[in-house]
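Participant: Below is a structure I'd like to ask you about.
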Amino acid sequence: MEKVLSETIDETLIVTINRPERRNAIDRETAAELAAAFKKFDKDERLKVAILTGANGTFCAGFDLKAVAAGKGNVVKPSGAGPLGPTWMLLKKPVIAAIEGYAVAGGFELALWCDLRVASHEATFGVFNRRFGVPLVDGGTVRLPRLIGLSRALDLILTGRPVSAQEAYAMGIVNRIAEPGRALVQAKQLALQLAAFPQKCLRSDRMSAYEGFGMKIKDAMANETKHGLGTIKSGESLEGAKRFTAGVGRHGRF
């Protein structure tokens with residue numbers, strides 16, 4: 001059975017972690033397949049948005065600790081691919097997490113790696129690896145404080161407590177809440193919206209937001225201008241202005 005499934009619908013790639021017998025926990029092979037899938041996505045200009053999800057009602061339970069206990073744990077090294085596959089990559093295009101069930105430990109980190117998160121009402125998040133002495137090495141200590149602030153992030157990182165979808169939404173971890181079994185459906189709808197926008201502008205604004213975190217305000221503003229000028233020079237902004245003049249997309253309409 002394939003550990004990672006890929007399906008293309010129009011301009012959206014759907015990547016599914018397919019290890020339901022291990023609650024979609026990720027071993028070395030699965031990590032390598034996830035990394036390969038997202039590298040391919042980033043290079044394919046026909047695809048505009050990706051969705052990451054898990055099979056059989058669970059997003060991901062993190063590292064496969066049974067493999068770790070057997071001495072076959074995921075590779076953790078200072079550079080290269082992330083231990084869970086794509087988690088050290090900064091892609092050019094957005095990825096949406098469609099979350100049912102558990103997104104815990106490394107699975108939580110995978111969800112945080114995505115740009116946006118759509119979660120079922122019944123989803124559960126948490127740093128469950130706190131119980132077993134397994135560190136966050138897929139960006140959890142970096143991305144979580146940036147998303148929700150240091151105090152709230154430390155509450156989750158230090159206690160390892162379970163967090164409901166509703167609390168995660170209130171904190172700012174989750175962007176959309178769906179009915180149980182509908183997270184992927186709602187993620188697909190969101191992907192269609194993103195794919196319909198002018199892509200040069202969407203991607204440059206997204207990259208400016210990511211890059212700006214590590215810069216002083218003055219440098220971040222200059223970087224934003226650089227990205228913005230690239231969009232303007234491409235002609236995409238002029239085409240958008242013409243559509244606006246013709247009455248398209250007024251009053252917030254898609």
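Naming works like this for the structure tokens: A, B, ... for the chains as they're shown, residue 1 at the start of each chain, ligands 1 onward in shown order.
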Could you please write out, as a PyMOL selection string, every residue of stretch 21-101 of chain A that DSSP assigns to alpha helix (DSSP H)?

Facilitator: chain A and resi 28-43+65-69

Participant: So which bits of stretch 56-191 of chain A end up strand (DSSP E or B) when you DSSP the backbone, as a ChimeraX atom specification?

Facilitator: /A:60,63,82,85,95-99,102-104,116-120,124-126,163-164,176-178

Participant: As a PyMOL selection string, please: the residues near stretch 164-168 of chain A (cut-off 12 Å, only C-alpha atoms, same-chain neighbours under 6 positions excluded).

Facilitator: chain A and resi 99-104+108+111-112+117-126+144+147-148+152-153+156+174-180+183

Participant: Check the smallest atom-to-atom distance from each of A:Phe41, A:Val185, A:Phe197, A:Ala105 to A:Arg253 using only C-alpha atoms, then report the winner.

Facilitator: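 Counting only C-alpha atoms, the residue closest to A:Arg253 is A:Phe197.
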
Participant: For A:Asp27, which residue out of A:Asn223, A:Ser151, A:Gln193, A:Asn74 is the nearest one, using only C-alpha atoms?

Facilitator: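 Closest candidate: A:Asn74.
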
Participant: For atom CA of A:Glu7 and atom CA of A:Ala195, determine how far apart the two atoms are, in Å to one decimal place.

Facilitator: 16.2 Å

Participant: Taking only C-alpha atoms into account, which of A:Met215, A:Ala32, A:Ala61, A:Ala220 comes nearest A:Gly80?

Facilitator: A:Ala32

Participant: Show which residues sit within 8 Å of A:Glu11, as a ChimeraX atom specification. Count only C-alpha atoms, and ignore same-chain residues fewer than 6 positions away.

Facilitator: /A:46-49,195

Participant: When you look at A:His227 with a cut-off of 8 Å (counting only C-alpha atoms), what residues show up, excluding the ones that are within fewer than 2 positions of it in the same chain? I need them as a compact mmCIF listing (two decimals) with N, CA and C atoms, in the first residue's frame.

Facilitator:
```
# COMPACT_ATOMS: atom_id res chain seq x y z
N SER A 204 3.92 36.58 -4.38
CA SER A 204 4.92 37.54 -3.90
C SER A 204 4.50 38.13 -2.55
N ASP A 205 3.20 38.39 -2.35
CA ASP A 205 2.75 38.89 -1.05
C ASP A 205 2.94 37.83 0.03
N SER A 208 6.66 37.68 0.89
CA SER A 208 7.05 38.86 1.67
C SER A 208 6.65 38.69 3.13
N ASN A 223 11.82 44.96 1.45
CA ASN A 223 11.60 43.67 0.82
C ASN A 223 10.19 43.56 0.24
N GLU A 224 9.21 44.09 0.97
CA GLU A 224 7.83 44.11 0.47
C GLU A 224 7.75 44.91 -0.83
N THR A 225 8.42 46.06 -0.86
CA THR A 225 8.42 46.90 -2.06
C THR A 225 9.06 46.17 -3.23
N LEU A 229 7.04 45.51 -6.58
CA LEU A 229 7.48 46.03 -7.87
C LEU A 229 7.58 44.91 -8.90
N GLY A 230 8.00 43.72 -8.45
CA GLY A 230 8.05 42.59 -9.36
C GLY A 230 6.68 42.24 -9.92
N THR A 231 5.66 42.33 -9.07
CA THR A 231 4.29 42.07 -9.52
C THR A 231 3.82 43.16 -10.49
```

Participant: Determine, counting only C-alpha atoms, which protein, DNA and RNA residues have an atom within 12 Å of an atom of stretch 129-135 of chain A; residues of the same chain fewer than 4 positions away are not included. Present the result as a PyMOL selection string.

Facilitator: chain A and resi 61-65+68-69+73-74+76+83+103-109+125+139-141+154-162

Participant: Nearest to A:Gln199: which of A:Ala222, A:Lys216, A:Glu236, A:Thr87 is it, counting only C-alpha atoms?

Facilitator: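 Of all the options, A:Glu236 lies closest to A:Gln199.
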
Participant: Do you know which residues are at most 12 Å from A:Ala35 counting only C-alpha atoms, after dropping those on the same chain fewer than 6 positions away, and could you put them as a ChimeraX atom specification?

Facilitator: /A:4,15,17,26,28-29,41-42,52,80-91,110

Participant: Using Å and a single decimal, report how far atom CA of A:Lys188 sits from atom CA of A:Ala97.

Facilitator: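 Computed distance, atom CA of A:Ala97 to atom CA of A:Lys188, equals 10.2 Å.
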
Participant: Pick from A:Asn24, A:Thr30, A:Thr16, A:Thr8: nearest to A:Thr53, with only C-alpha atoms counted?

Facilitator: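 Checking each candidate against A:Thr53, we get A:Thr16 as the closest.
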
Participant: So how many Å separate atom CA of A:Lys77 and atom CA of A:Glu33, to one decimal?

Facilitator: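 Between these atoms lies a distance of 17.7 Å.
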